[in-house]
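Chemist: Got a file for you: upload36.txt, compact mmCIF, C-alpha atoms (C1' of nucleotides).
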```txt
# COMPACT_ATOMS: atom_id res chain seq x y z
CA MET A 193 -10.23 22.96 -5.05
CA ASN A 194 -6.65 22.94 -6.17
CA PRO A 195 -5.99 19.36 -7.14
CA ARG A 196 -2.53 19.59 -5.68
CA LEU A 197 -3.96 20.11 -2.25
CA VAL A 198 -6.58 17.43 -2.25
CA THR A 199 -4.29 15.12 -0.37
CA VAL A 200 -5.17 16.97 2.78
CA GLY A 201 -8.21 15.44 4.37
CA ARG A 202 -7.82 11.96 3.06
CA MET A 203 -4.15 11.37 2.85
CA ALA A 204 -2.53 8.71 0.78
CA LEU A 205 -2.60 5.94 3.27
CA GLY A 206 -4.51 7.52 6.11
CA LYS A 207 -1.35 9.26 7.09
CA ASP A 208 1.43 10.92 5.23
CA TYR A 209 5.05 10.02 5.62
CA ALA A 210 5.35 12.77 8.17
CA ALA A 211 8.45 14.86 8.34
CA GLN A 212 9.86 13.18 5.28
CA GLN A 213 11.38 15.80 3.10
CA CYS A 214 12.45 13.44 0.39
CA SER A 215 10.81 13.63 -2.99
CA ILE A 216 10.62 9.85 -3.00
CA ALA A 217 8.39 10.05 0.04
CA ARG A 218 6.29 12.72 -1.66
CA ALA A 219 5.89 10.51 -4.66
CA LEU A 220 4.93 7.55 -2.53
CA GLU A 221 2.25 9.56 -0.82
CA VAL A 222 0.61 9.85 -4.20
CA VAL A 223 1.32 6.52 -5.87
CA GLY A 224 2.42 4.38 -2.96
CA GLU A 225 -0.90 2.90 -2.02
CA ARG A 226 -1.78 -0.63 -2.88
CA TRP A 227 -2.93 -1.08 -6.49
CA THR A 228 -2.14 2.47 -7.51
CA LEU A 229 0.94 1.74 -9.58
CA LEU A 230 -0.77 -1.20 -11.21
CA VAL A 231 -3.66 1.01 -12.24
CA ILE A 232 -1.19 3.42 -13.80
CA ARG A 233 0.61 0.55 -15.50
CA ASP A 234 -2.66 -0.61 -17.01
CA ALA A 235 -3.47 2.92 -18.08
CA LEU A 236 -0.15 3.10 -19.89
CA TYR A 237 -0.91 -0.25 -21.48
CA GLY A 238 -4.03 1.30 -22.95
CA VAL A 239 -6.68 0.30 -20.45
CA ARG A 240 -9.19 3.11 -20.06
CA ARG A 241 -12.48 1.83 -18.80
CA TYR A 242 -13.62 1.00 -15.30
CA ASN A 243 -14.64 -2.50 -16.17
CA ASP A 244 -11.43 -3.24 -18.00
CA PHE A 245 -9.35 -2.20 -15.01
CA LEU A 246 -11.64 -4.27 -12.87
CA VAL A 247 -11.34 -7.54 -14.70
CA HIS A 248 -7.70 -7.15 -15.57
CA LEU A 249 -6.49 -6.27 -12.11
CA GLY A 250 -8.90 -8.28 -10.01
CA ILE A 251 -9.19 -5.27 -7.73
CA PRO A 252 -12.16 -4.69 -5.43
CA ARG A 253 -14.62 -2.30 -7.01
CA ALA A 254 -14.58 0.16 -4.16
CA VAL A 255 -10.81 0.32 -4.16
CA LEU A 256 -10.72 0.87 -7.89
CA ALA A 257 -13.23 3.69 -7.64
CA ALA A 258 -11.17 5.29 -4.89
CA ARG A 259 -7.94 4.98 -6.84
CA LEU A 260 -9.42 6.38 -10.01
CA GLN A 261 -10.76 9.32 -8.09
CA THR A 262 -7.47 9.99 -6.36
CA LEU A 263 -5.47 9.63 -9.55
CA THR A 264 -7.84 11.95 -11.36
CA ALA A 265 -7.60 14.49 -8.57
CA GLU A 266 -3.82 14.25 -8.69
CA GLY A 267 -3.81 14.88 -12.40
CA ILE A 268 -2.30 11.51 -13.25
CA LEU A 269 -5.41 10.34 -15.02
CA ALA A 270 -8.05 12.44 -16.69
CA ARG A 271 -11.69 11.56 -17.00
CA ARG A 272 -13.14 11.99 -20.43
CA ARG A 273 -16.55 11.33 -21.91
CA TYR A 274 -16.29 9.02 -24.85
CA GLN A 275 -19.94 8.54 -25.63
CA GLU A 276 -23.14 10.35 -24.81
CA SER A 277 -26.01 8.01 -25.54
CA PRO A 278 -25.43 6.09 -22.37
CA PRO A 279 -23.03 8.58 -20.82
CA ARG A 280 -19.72 6.81 -20.42
CA ASP A 281 -16.42 8.15 -19.23
CA GLU A 282 -12.97 6.78 -19.70
CA TYR A 283 -9.80 7.45 -17.80
CA VAL A 284 -6.85 8.46 -19.90
CA VAL A 285 -3.37 8.90 -18.59
CA THR A 286 -2.00 12.44 -18.56
CA GLU A 287 1.50 13.74 -19.02
CA ARG A 288 2.05 13.41 -15.33
CA GLY A 289 1.05 9.78 -15.52
CA ILE A 290 3.17 9.16 -18.57
CA ALA A 291 6.09 10.58 -16.63
CA LEU A 292 5.85 7.58 -14.34
CA TRP A 293 6.87 5.23 -17.13
CA PRO A 294 10.57 5.28 -16.23
CA THR A 295 9.69 4.31 -12.69
CA LEU A 296 7.51 1.46 -13.81
CA TRP A 297 10.07 0.33 -16.32
CA ALA A 298 12.80 0.29 -13.68
CA LEU A 299 10.56 -1.55 -11.26
CA GLY A 300 9.58 -4.09 -13.86
CA LEU A 301 13.17 -4.65 -14.83
CA TRP A 302 14.09 -5.25 -11.23
CA GLY A 303 11.24 -7.68 -10.79
CA ARG A 304 12.12 -9.53 -13.94
CA GLU A 305 15.79 -9.79 -13.07
CA HIS A 306 15.32 -10.85 -9.50
CA TYR A 307 12.09 -12.78 -9.43
CA GLY A 308 11.05 -13.53 -12.96
CA GLN A 309 12.12 -16.29 -15.24
CA SER A 310 11.30 -15.52 -18.84
CA PRO A 311 10.12 -12.06 -19.80
CA LEU A 312 6.39 -11.77 -19.99
CA ARG A 313 6.32 -8.82 -22.30
CA VAL A 314 8.85 -7.41 -24.69
CA PHE A 315 9.18 -3.68 -25.24
CA ARG A 316 10.71 -2.32 -28.40
CA HIS A 317 11.39 1.00 -30.03
CA ALA A 318 8.62 1.07 -32.63
CA ASP A 319 10.76 3.03 -35.09
CA CYS A 320 13.51 0.42 -35.31
CA GLY A 321 12.30 -2.69 -33.51
CA THR A 322 15.14 -2.73 -31.02
CA GLU A 323 14.38 -3.90 -27.51
CA LEU A 324 14.59 -1.18 -24.91
CA GLY A 325 17.70 -0.95 -22.79
CA PRO A 326 17.87 -0.83 -19.00
CA TYR A 327 16.78 2.80 -18.82
CA GLY A 328 14.01 2.43 -21.32
CA GLU A 329 16.20 3.92 -23.99
CA CYS A 330 16.79 2.55 -27.48
CA PRO A 331 20.31 1.07 -27.61
CA ALA A 332 20.36 1.25 -31.40
CA CYS A 333 19.23 4.83 -31.78
CA GLY A 334 20.99 5.93 -28.63
CA THR A 335 18.06 8.05 -27.61
CA ALA A 336 15.30 8.08 -25.07
CA VAL A 337 12.17 6.51 -26.48
CA PRO A 338 8.99 8.55 -26.06
CA VAL A 339 6.29 6.50 -24.41
CA PRO A 340 3.98 6.54 -27.45
CA ASP A 341 6.81 5.03 -29.50
CA VAL A 342 7.20 2.02 -27.25
CA GLU A 343 5.78 -1.12 -28.77
CA MET A 344 4.68 -3.84 -26.40
CA ALA A 345 4.51 -7.46 -27.50
CA PRO A 346 3.90 -10.66 -25.56
CA GLY A 347 7.02 -12.43 -24.36
CA PRO A 348 7.71 -16.14 -24.05
CA GLY A 349 6.48 -16.43 -20.49
CA LEU A 350 3.06 -14.92 -21.05
CA ASP A 351 0.01 -17.09 -20.78
CA PRO A 352 -1.08 -17.50 -24.40
CA ASP A 353 -4.76 -17.94 -23.60
CA PRO A 354 -5.79 -15.78 -20.66
CA ALA A 355 -9.31 -15.74 -19.32
CA ASP A 356 -10.23 -12.08 -19.29
CA PRO A 357 -10.77 -10.08 -22.48
CA VAL A 358 -8.34 -7.37 -21.45
CA SER A 359 -5.44 -9.78 -21.16
CA ARG A 360 -6.51 -11.25 -24.45
CA ALA A 361 -6.50 -7.83 -26.07
CA LEU A 362 -3.02 -7.26 -24.68
CA LEU A 363 -1.71 -10.31 -26.51
CA ARG A 364 -1.66 -8.38 -29.74
CA PRO A 365 1.43 -6.23 -30.15
CA LYS A 366 0.52 -2.61 -29.66
CA ARG A 367 2.00 0.68 -28.65
CA LEU A 368 1.77 2.04 -25.17
CA LEU A 369 -1.10 4.48 -24.61
CA GLN A 370 -2.93 3.11 -27.64
CA PRO A 371 -6.33 2.07 -26.31
CA ILE A 372 -7.04 -1.63 -26.12
CA GLU A 373 -9.85 -3.10 -28.11
CA THR A 374 -12.25 -5.10 -26.04
CA GLY A 375 -14.87 -3.55 -28.26
CA PRO A 376 -17.98 -5.44 -29.31
CA ALA A 377 -16.17 -8.56 -28.13
CA SER A 378 -16.35 -10.94 -31.04
CA ASP A 379 -16.23 -13.14 -28.05
CA ALA A 380 -15.59 -16.69 -29.23
CA GLY A 381 -17.50 -15.27 -32.16
CA THR A 382 -20.34 -17.70 -32.26
CA ALA A 383 -23.60 -17.61 -34.23
CA MET B 180 14.54 -22.20 2.63
CA ASN B 181 14.97 -20.70 -0.77
CA PRO B 182 14.69 -16.97 -0.15
CA ARG B 183 12.91 -16.59 -3.44
CA LEU B 184 9.98 -18.57 -2.19
CA VAL B 185 9.54 -17.01 1.18
CA THR B 186 6.72 -14.88 -0.10
CA VAL B 187 4.43 -17.82 0.30
CA GLY B 188 2.96 -17.88 3.77
CA ARG B 189 2.94 -14.23 4.60
CA MET B 190 2.45 -12.39 1.41
CA ALA B 191 3.37 -8.82 0.86
CA LEU B 192 0.15 -7.18 1.84
CA GLY B 193 -1.82 -10.09 3.20
CA LYS B 194 -2.64 -11.04 -0.33
CA ASP B 195 -0.72 -11.15 -3.52
CA TYR B 196 -1.69 -9.39 -6.66
CA ALA B 197 -3.40 -12.56 -7.78
CA ALA B 198 -3.26 -13.62 -11.38
CA GLN B 199 -0.98 -10.75 -12.21
CA GLN B 200 1.73 -12.02 -14.48
CA CYS B 201 3.50 -8.74 -14.80
CA SER B 202 6.96 -8.35 -13.33
CA ILE B 203 5.88 -4.97 -11.99
CA ALA B 204 3.27 -6.74 -9.91
CA ARG B 205 5.87 -9.23 -8.74
CA ALA B 206 8.13 -6.43 -7.71
CA LEU B 207 5.34 -4.67 -5.86
CA GLU B 208 4.57 -7.80 -3.92
CA VAL B 209 8.04 -7.50 -2.48
CA VAL B 210 8.61 -3.77 -2.14
CA GLY B 211 5.09 -2.38 -2.51
CA GLU B 212 4.10 -2.27 1.11
CA ARG B 213 3.99 0.94 3.01
CA TRP B 214 7.41 2.11 4.25
CA THR B 215 9.33 -0.58 2.39
CA LEU B 216 10.79 1.60 -0.34
CA LEU B 217 11.65 4.27 2.19
CA VAL B 218 13.56 1.74 4.25
CA ILE B 219 15.50 0.75 1.15
CA ARG B 220 16.09 4.37 0.30
CA ASP B 221 17.53 4.95 3.75
CA ALA B 222 19.65 1.84 3.44
CA LEU B 223 21.10 3.20 0.21
CA TYR B 224 21.72 6.50 1.94
CA GLY B 225 23.87 4.65 4.43
CA VAL B 226 21.47 4.02 7.28
CA ARG B 227 22.18 0.62 8.81
CA ARG B 228 20.94 0.46 12.35
CA TYR B 229 17.51 -0.20 13.71
CA ASN B 230 17.40 2.95 15.74
CA ASP B 231 18.61 5.11 12.91
CA PHE B 232 15.87 3.85 10.63
CA LEU B 233 13.44 4.42 13.45
CA VAL B 234 14.21 8.03 14.16
CA HIS B 235 14.80 8.99 10.57
CA LEU B 236 11.62 7.49 9.18
CA GLY B 237 9.29 7.97 12.12
CA ILE B 238 8.05 4.46 11.46
CA PRO B 239 6.33 2.38 14.14
CA ARG B 240 8.75 -0.04 15.72
CA ALA B 241 6.72 -3.11 14.93
CA VAL B 242 6.43 -2.18 11.29
CA LEU B 243 10.13 -1.51 11.04
CA ALA B 244 10.95 -4.87 12.56
CA ALA B 245 8.58 -6.57 10.13
CA ARG B 246 10.03 -4.74 7.12
CA LEU B 247 13.59 -5.48 8.08
CA GLN B 248 12.73 -9.12 8.47
CA THR B 249 10.94 -9.30 5.14
CA LEU B 250 13.67 -7.43 3.33
CA THR B 251 16.30 -9.66 4.85
CA ALA B 252 14.35 -12.74 3.87
CA GLU B 253 14.04 -11.39 0.35
CA GLY B 254 17.75 -10.83 0.13
CA ILE B 255 17.42 -7.09 -0.28
CA LEU B 256 19.09 -6.37 3.02
CA ALA B 257 21.56 -8.55 4.87
CA ARG B 258 21.94 -8.70 8.59
CA ARG B 259 25.48 -8.45 9.82
CA ARG B 260 26.99 -8.39 13.26
CA TYR B 261 29.11 -5.35 13.71
CA GLN B 262 30.11 -5.76 17.34
CA GLU B 263 30.15 -8.61 19.80
CA SER B 264 30.40 -7.11 23.27
CA PRO B 265 26.80 -6.16 23.31
CA PRO B 266 25.80 -8.17 20.26
CA ARG B 267 24.61 -5.68 17.67
CA ASP B 268 23.54 -6.30 14.14
CA GLU B 269 23.26 -3.89 11.28
CA TYR B 270 21.34 -4.16 8.06
CA VAL B 271 23.34 -3.60 4.94
CA VAL B 272 21.87 -3.38 1.50
CA THR B 273 22.73 -6.20 -0.89
CA GLU B 274 23.19 -6.23 -4.64
CA ARG B 275 19.52 -6.92 -5.01
CA GLY B 276 18.75 -3.86 -2.96
CA ILE B 277 21.27 -1.74 -4.80
CA ALA B 278 19.53 -2.78 -8.01
CA LEU B 279 16.51 -0.81 -6.83
CA TRP B 280 18.38 2.46 -7.10
CA PRO B 281 17.16 3.21 -10.64
CA THR B 282 13.60 2.75 -9.49
CA LEU B 283 14.06 5.04 -6.52
CA TRP B 284 15.87 7.58 -8.65
CA ALA B 285 13.07 7.60 -11.20
CA LEU B 286 10.45 7.88 -8.50
CA GLY B 287 12.29 10.68 -6.79
CA LEU B 288 12.70 12.54 -10.05
CA TRP B 289 8.99 12.25 -10.72
CA GLY B 290 8.16 13.49 -7.25
CA ARG B 291 10.53 16.40 -7.53
CA GLU B 292 9.26 17.43 -10.94
CA HIS B 293 5.59 17.15 -10.15
CA TYR B 294 5.31 17.94 -6.48
CA GLY B 295 8.55 19.40 -5.25
CA GLN B 296 9.81 22.91 -5.42
CA SER B 297 13.52 23.08 -4.96
CA PRO B 298 15.57 19.91 -4.91
CA LEU B 299 16.19 18.61 -1.44
CA ARG B 300 19.25 16.63 -2.30
CA VAL B 301 21.70 16.82 -5.15
CA PHE B 302 23.27 13.71 -6.61
CA ARG B 303 26.51 13.87 -8.51
CA HIS B 304 28.96 11.57 -10.18
CA ALA B 305 31.72 11.51 -7.59
CA ASP B 306 34.42 11.13 -10.25
CA CYS B 307 33.60 14.34 -12.07
CA GLY B 308 31.12 16.25 -9.95
CA THR B 309 28.43 16.33 -12.62
CA GLU B 310 24.84 16.09 -11.51
CA LEU B 311 23.13 12.90 -12.52
CA GLY B 312 20.85 12.92 -15.53
CA PRO B 313 17.27 11.71 -15.70
CA TYR B 314 18.28 8.06 -15.79
CA GLY B 315 20.85 8.35 -13.04
CA GLU B 316 23.60 8.46 -15.60
CA CYS B 317 26.42 10.94 -15.78
CA PRO B 318 25.78 13.34 -18.68
CA ALA B 319 29.41 14.38 -18.80
CA CYS B 320 30.96 10.92 -18.84
CA GLY B 321 28.08 9.48 -20.81
CA THR B 322 28.04 6.36 -18.68
CA ALA B 323 25.91 4.76 -16.04
CA VAL B 324 27.11 5.73 -12.60
CA PRO B 325 27.63 2.82 -10.20
CA VAL B 326 25.73 3.39 -7.00
CA PRO B 327 28.87 3.61 -4.84
CA ASP B 328 30.10 6.43 -7.07
CA VAL B 329 27.04 8.58 -6.50
CA GLU B 330 27.71 11.47 -4.21
CA MET B 331 24.79 12.90 -2.30
CA ALA B 332 24.79 16.46 -1.04
CA PRO B 333 22.08 18.61 0.54
CA GLY B 334 20.10 20.74 -1.88
CA PRO B 335 18.67 24.23 -1.40
CA GLY B 336 15.32 23.00 -0.12
CA LEU B 337 16.62 20.83 2.66
CA ASP B 338 16.04 21.82 6.25
CA PRO B 339 19.48 22.99 7.37
CA ASP B 340 18.98 22.10 11.02
CA PRO B 341 16.90 18.94 11.35
CA ALA B 342 16.00 17.47 14.68
CA ASP B 343 17.13 13.89 14.45
CA PRO B 344 20.79 12.90 14.35
CA VAL B 345 20.37 10.82 11.21
CA SER B 346 19.10 13.73 9.19
CA ARG B 347 21.90 15.79 10.62
CA ALA B 348 24.44 13.19 9.57
CA LEU B 349 22.94 13.23 6.09
CA LEU B 350 23.65 16.95 5.76
CA ARG B 351 27.29 16.20 5.11
CA PRO B 352 27.98 15.27 1.50
CA LYS B 353 28.65 11.58 1.25
CA ARG B 354 28.50 8.71 -1.15
CA LEU B 355 25.63 6.34 -1.33
CA LEU B 356 26.09 3.12 0.66
CA GLN B 357 28.75 4.76 2.78
CA PRO B 358 27.54 4.31 6.37
CA ILE B 359 26.36 7.39 8.20
CA GLU B 360 28.07 8.56 11.33
CA THR B 361 25.73 9.10 14.19
CA GLY B 362 28.52 7.86 16.37
CA PRO B 363 29.03 9.21 19.89
CA ALA B 364 26.62 12.03 19.03
CA SER B 365 28.29 15.21 20.20
CA ASP B 366 24.68 16.02 20.70
CA ALA B 367 24.31 19.80 21.03
CA GLY B 368 27.33 19.17 23.19
CA THR B 369 26.31 21.20 26.21
CA ALA B 370 27.84 21.06 29.66
C1' DC C 23 -44.81 0.17 -20.38
C1' DG C 24 -42.22 -3.31 -18.06
C1' DC C 25 -38.29 -6.56 -18.43
C1' DT C 26 -33.60 -7.37 -18.95
C1' DC C 27 -28.92 -6.27 -19.65
C1' DA C 28 -24.62 -3.55 -19.24
C1' DA C 29 -21.58 -0.05 -17.31
C1' DG C 30 -20.18 2.27 -13.48
C1' DG C 31 -20.40 2.86 -9.30
C1' DT C 32 -21.94 2.83 -3.76
C1' DT C 33 -22.86 0.36 0.61
C1' DC C 34 -21.72 -2.69 4.14
C1' DG C 35 -19.91 -6.11 7.36
C1' DG C 36 -15.65 -8.68 8.24
C1' DT C 37 -10.80 -8.94 8.30
C1' DC C 38 -6.23 -7.52 8.29
C1' DA C 39 -2.45 -4.24 8.43
C1' DC C 40 -0.77 -0.12 10.47
C1' DT C 41 -0.26 2.96 14.59
C1' DG C 42 1.61 4.35 18.96
C1' DA C 43 2.51 3.37 23.57
C1' DA C 44 4.09 0.18 26.84
C1' DT C 45 6.88 -3.56 27.92
C1' DC C 46 10.75 -6.83 27.70
C1' DG C 47 15.46 -8.94 27.55
C1' DA C 48 20.29 -8.70 26.92
C1' DC C 49 24.10 -6.26 27.91
C1' DT C 50 27.15 -2.47 29.69
C1' DC C 51 28.35 1.28 32.65
C1' DG C 52 28.78 3.54 36.89
C1' DC D 234 23.03 -3.64 41.46
C1' DG D 235 20.29 0.11 39.50
C1' DA D 236 20.18 2.98 35.24
C1' DG D 237 20.73 3.36 30.48
C1' DT D 238 20.92 1.70 25.64
C1' DC D 239 19.74 -1.07 21.78
C1' DG D 240 16.75 -4.00 19.56
C1' DA D 241 12.98 -5.65 19.50
C1' DT D 242 7.81 -7.82 20.94
C1' DT D 243 3.06 -7.21 22.69
C1' DC D 244 -1.29 -5.11 22.65
C1' DA D 245 -5.42 -2.33 22.09
C1' DG D 246 -7.41 0.92 18.74
C1' DT D 247 -8.12 2.56 14.22
C1' DG D 248 -8.34 2.68 9.45
C1' DA D 249 -7.69 0.48 4.92
C1' DC D 250 -8.76 -3.34 2.20
C1' DC D 251 -11.72 -7.23 0.72
C1' DG D 252 -15.73 -9.38 -1.46
C1' DA D 253 -20.44 -9.60 -2.12
C1' DA D 254 -24.65 -7.35 -2.65
C1' DC D 255 -27.11 -3.60 -4.15
C1' DC D 256 -28.15 0.77 -6.73
C1' DT D 257 -28.52 4.03 -10.79
C1' DT D 258 -28.75 5.36 -15.49
C1' DG D 259 -29.74 4.33 -19.94
C1' DA D 260 -30.40 1.15 -23.91
C1' DG D 261 -32.69 -2.67 -26.33
C1' DC D 262 -36.78 -5.33 -26.83
C1' DG D 263 -41.45 -7.02 -27.11
```
Translate the structure of the given file into structure tokens.

Modeler:
Amino acid sequence: MNPRLVTVGRMALGKDYAAQQCSIARALEVVGERWTLLVIRDALYGVRRYNDFLVHLGIPRAVLAARLQTLTAEGILARRRYQESPPRDEYVVTERGIALWPTLWALGLWGREHYGQSPLRVFRHADCGTELGPYGECPACGTAVPVPDVEMAPGPGLDPDPADPVSRALLRPKRLLQPIETGPASDAGTA
Amino acid sequence: MNPRLVTVGRMALGKDYAAQQCSIARALEVVGERWTLLVIRDALYGVRRYNDFLVHLGIPRAVLAARLQTLTAEGILARRRYQESPPRDEYVVTERGIALWPTLWALGLWGREHYGQSPLRVFRHADCGTELGPYGECPACGTAVPVPDVEMAPGPGLDPDPADPVSRALLRPKRLLQPIETGPASDAGTA
DNA sequence: CGCTCAAGGTTCGGTCACTGAATCGACTCG
DNA sequence: CGAGTCGATTCAGTGACCGAACCTTGAGCG
């Protein structure tokens, strides 16, 4: 069961981009389905648990389960047990998934420049605090910024009081990949 | 008829990524449907005519017509009459479409590194002949390479004798955006 | 033990998009 | 004036997506 060959049988979107030799087409066979890139985005943001993906994305449960399975089979996410008592698994992004960050960054930049108004999130080089440049690099340091060194903070356009706990957890500045804390949910911490 | 607002009415995939504030989600509403990014890729490669997209992508006609219409409405492609006698239009990529090149480059790089074997196409800085770096920049000149200055040549993995005339036209090294020549098609020029 | 709750799914009917083949209309060429 | 080309549209069939309901495992509790 070579994970690289799993695509045969249930192909990306019911059919591959036949005859396409381009590596872009190959990539889209894997991550081109609806929701897939948003799941990976969330994973890079630190989302790891089924329910967190669910509430943050508003994705149908069945679709989420399918995507997580595909992404795990493709080696973009990895399933990992994080507690035993009630057995619970989380999905952590692998190197292969992290390698999609430049794509997501470029796509987000395009969306922001052509459809967005004010930036919703601000990404900085954690070492120096400089905002990332158009390629995700640090203009001050002149170097590529490793994904774990990217700090994400809310921008001016972001809803300051979102409904779901995941969005609320993402209001706090944090580094990419660092897991979000929806933890015991000191949820409106009453009583 | 603000082209920015056309998405209302017939949304990208029948439904928008509701509640998503992220600019990545916005972008995917526009270019996240099946085939869309491949159409844009082909447009950047110099494909301009309905039939050329059709044979090169192997896309259903109805879907192609829908994508071209959406992309035109979004201002990513522009429709332009290129002859009057039989009225014929071509679709040329706009600035907004050209701005997607970094995304496509990043996606292609990811696909090549994680799923491809030998590179199918080689992209160079036309001014100096240096292969593009991971961000689409020129490592030699140390600058971003404007899309019209990117030269595309076939790589070792590319089928040297493809069936369709568009792929055959793309065997010749050429710059991005420069229209392909499928012209009078000296098609296997037999008697 | 039985009840309830939570997490993480699976099942299922309805709808919608994609597919591929056929058709159509405008126009030119012979 | 019939055939061919280009650029589509139409249509039936299939498969993916959607949303709600249900299921399973394991605590936590009385």

Chemist: Within 9 Å of chain C, which residues of chain A are there when counting only C-alpha atoms (C1' of nucleotides)? Please give them as a VMD selection string.

Modeler: chain A and resid 242 to 243 253 to 254 257 278 280

Chemist: By least-squares superposition of chain A on chain B, using all C-alpha atoms in order, what RMSD in Å to one decimal is obtained?

Modeler: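 Across all paired C-alpha atoms, the RMSD is 0.4 Å.
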
Chemist: Which is closer to DG259 in chain D than all the others in A:Pro279, A:Ala336, A:Pro365, A:Ala345, using only C-alpha atoms (C1' of nucleotides)?

Modeler: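 Distance minimum relative to DG259 in chain D lands on A:Pro279.
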
Chemist: Output as JSON lines one row per residue of chain B within 6 Å of chain A: the closest atom pair and its distance in Å to one decimal place, counting all atoms listed in the file, sorted by chain and residue number ascending.

Modeler:
```
{"residue": "B:Ser202", "atom": "CA", "partner": "A:Gly303", "partner_atom": "CA", "distance": 5.0}
{"residue": "B:Ile203", "atom": "CA", "partner": "A:Gly300", "partner_atom": "CA", "distance": 4.2}
{"residue": "B:Arg205", "atom": "CA", "partner": "A:Gly303", "partner_atom": "CA", "distance": 6.0}
{"residue": "B:Ala206", "atom": "CA", "partner": "A:Gly303", "partner_atom": "CA", "distance": 4.6}
{"residue": "B:Thr282", "atom": "CA", "partner": "A:Ala298", "partner_atom": "CA", "distance": 4.9}
{"residue": "B:Ala285", "atom": "CA", "partner": "A:Thr295", "partner_atom": "CA", "distance": 4.9}
{"residue": "B:Leu286", "atom": "CA", "partner": "A:Thr295", "partner_atom": "CA", "distance": 5.6}
{"residue": "B:Gly287", "atom": "CA", "partner": "A:Ile216", "partner_atom": "CA", "distance": 4.2}
{"residue": "B:Gly290", "atom": "CA", "partner": "A:Ala219", "partner_atom": "CA", "distance": 4.6}
{"residue": "B:Arg291", "atom": "CA", "partner": "A:Ser215", "partner_atom": "CA", "distance": 5.3}
```

Chemist: Please find the residues of chain D near chain A - the criterion being any atom within 8 Å, counting all atoms listed in the file - and write them as a ChimeraX atom specification.

Modeler: /D:248-252,258-260

Chemist: Would you mind reading off the distance between CA of Asp281 in chain A and CA of Ala361 in chain A, one decimal, in Å?

Modeler: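 Spanning CA of Asp281 in chain A to CA of Ala361 in chain A is a straight-line distance of 20.0 Å.
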
Chemist: Centre and edge lengths, as AutoDock Vina command-line options, for the axis-aligned box enclosing every listed atom of range 23-38 of chain C with 5 Å of padding on each of the six sides, in Å to one decimal?

Modeler:
```
--center_x -25.5 --center_y -3.0 --center_z -6.0 --size_x 48.6 --size_y 21.8 --size_z 38.7
```

Chemist: Grab the CA of Ala258 in chain A to CA of Arg367 in chain A distance for me, in Å with one decimal place.

Modeler: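 Between these atoms lies a distance of 27.6 Å.
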
Chemist: Just give me the gap between CA of Leu368 in chain A and CA of Ala235 in chain A in Å, one decimal is fine.

Modeler: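 Separation between CA of Leu368 in chain A and CA of Ala235 in chain A: 8.9 Å.
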
Chemist: Between A:Val284, A:Val247, A:Met344, A:Cys320, single out the one closest to Leu362 in chain A, counting all atoms listed in the file.

Modeler: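 Under the stated criterion, the closest residue is A:Met344.
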
Chemist: Applying 9 Å and all atoms listed in the file, which residues near Leu247 in chain B remain after dropping the ones on its own chain fewer than 2 positions away? List them as a VMD selection string.

Modeler: chain B and resid 215 218 229 242 to 245 249 to 252 256 258 270

Chemist: Store the residues picked out above, limited to C-alpha atoms, as a PDB file, keeping the file's coordinate frame.

Modeler:
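Output file again.pdb is given in full below:
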```pdb
ATOM      1  CA  THR B 215       9.330  -0.580   2.390  1.00  0.00           C
ATOM      2  CA  VAL B 218      13.560   1.740   4.250  1.00  0.00           C
ATOM      3  CA  TYR B 229      17.510  -0.200  13.710  1.00  0.00           C
ATOM      4  CA  VAL B 242       6.430  -2.180  11.290  1.00  0.00           C
ATOM      5  CA  LEU B 243      10.130  -1.510  11.040  1.00  0.00           C
ATOM      6  CA  ALA B 244      10.950  -4.870  12.560  1.00  0.00           C
ATOM      7  CA  ALA B 245       8.580  -6.570  10.130  1.00  0.00           C
ATOM      8  CA  THR B 249      10.940  -9.300   5.140  1.00  0.00           C
ATOM      9  CA  LEU B 250      13.670  -7.430   3.330  1.00  0.00           C
ATOM     10  CA  THR B 251      16.300  -9.660   4.850  1.00  0.00           C
ATOM     11  CA  ALA B 252      14.350 -12.740   3.870  1.00  0.00           C
ATOM     12  CA  LEU B 256      19.090  -6.370   3.020  1.00  0.00           C
ATOM     13  CA  ARG B 258      21.940  -8.700   8.590  1.00  0.00           C
ATOM     14  CA  TYR B 270      21.340  -4.160   8.060  1.00  0.00           C
TER      15      TYR B 270
END
```

Chemist: Will you model N, CA and C atoms for range 264-269 of chain B and pass it back as a tab-separated table (two decimals), keeping the file's coordinate frame?

Modeler:
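Contents of selection-v8.tsv, freshly written:
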```tsv
chain	number	residue	atom	x	y	z
B	264	SER	N	30.50	-7.35	21.82
B	264	SER	CA	30.40	-7.11	23.27
B	264	SER	C	28.95	-6.97	23.73
B	265	PRO	N	28.24	-5.94	23.36
B	265	PRO	CA	26.80	-6.16	23.31
B	265	PRO	C	26.51	-6.56	21.88
B	266	PRO	N	26.00	-7.73	21.65
B	266	PRO	CA	25.80	-8.17	20.26
B	266	PRO	C	24.89	-7.23	19.52
B	267	ARG	N	25.39	-6.64	18.45
B	267	ARG	CA	24.61	-5.68	17.67
B	267	ARG	C	24.71	-6.03	16.20
B	268	ASP	N	23.56	-6.01	15.56
B	268	ASP	CA	23.54	-6.30	14.14
B	268	ASP	C	23.20	-5.04	13.37
B	269	GLU	N	23.67	-4.98	12.15
B	269	GLU	CA	23.26	-3.89	11.28
B	269	GLU	C	22.70	-4.50	10.00
```
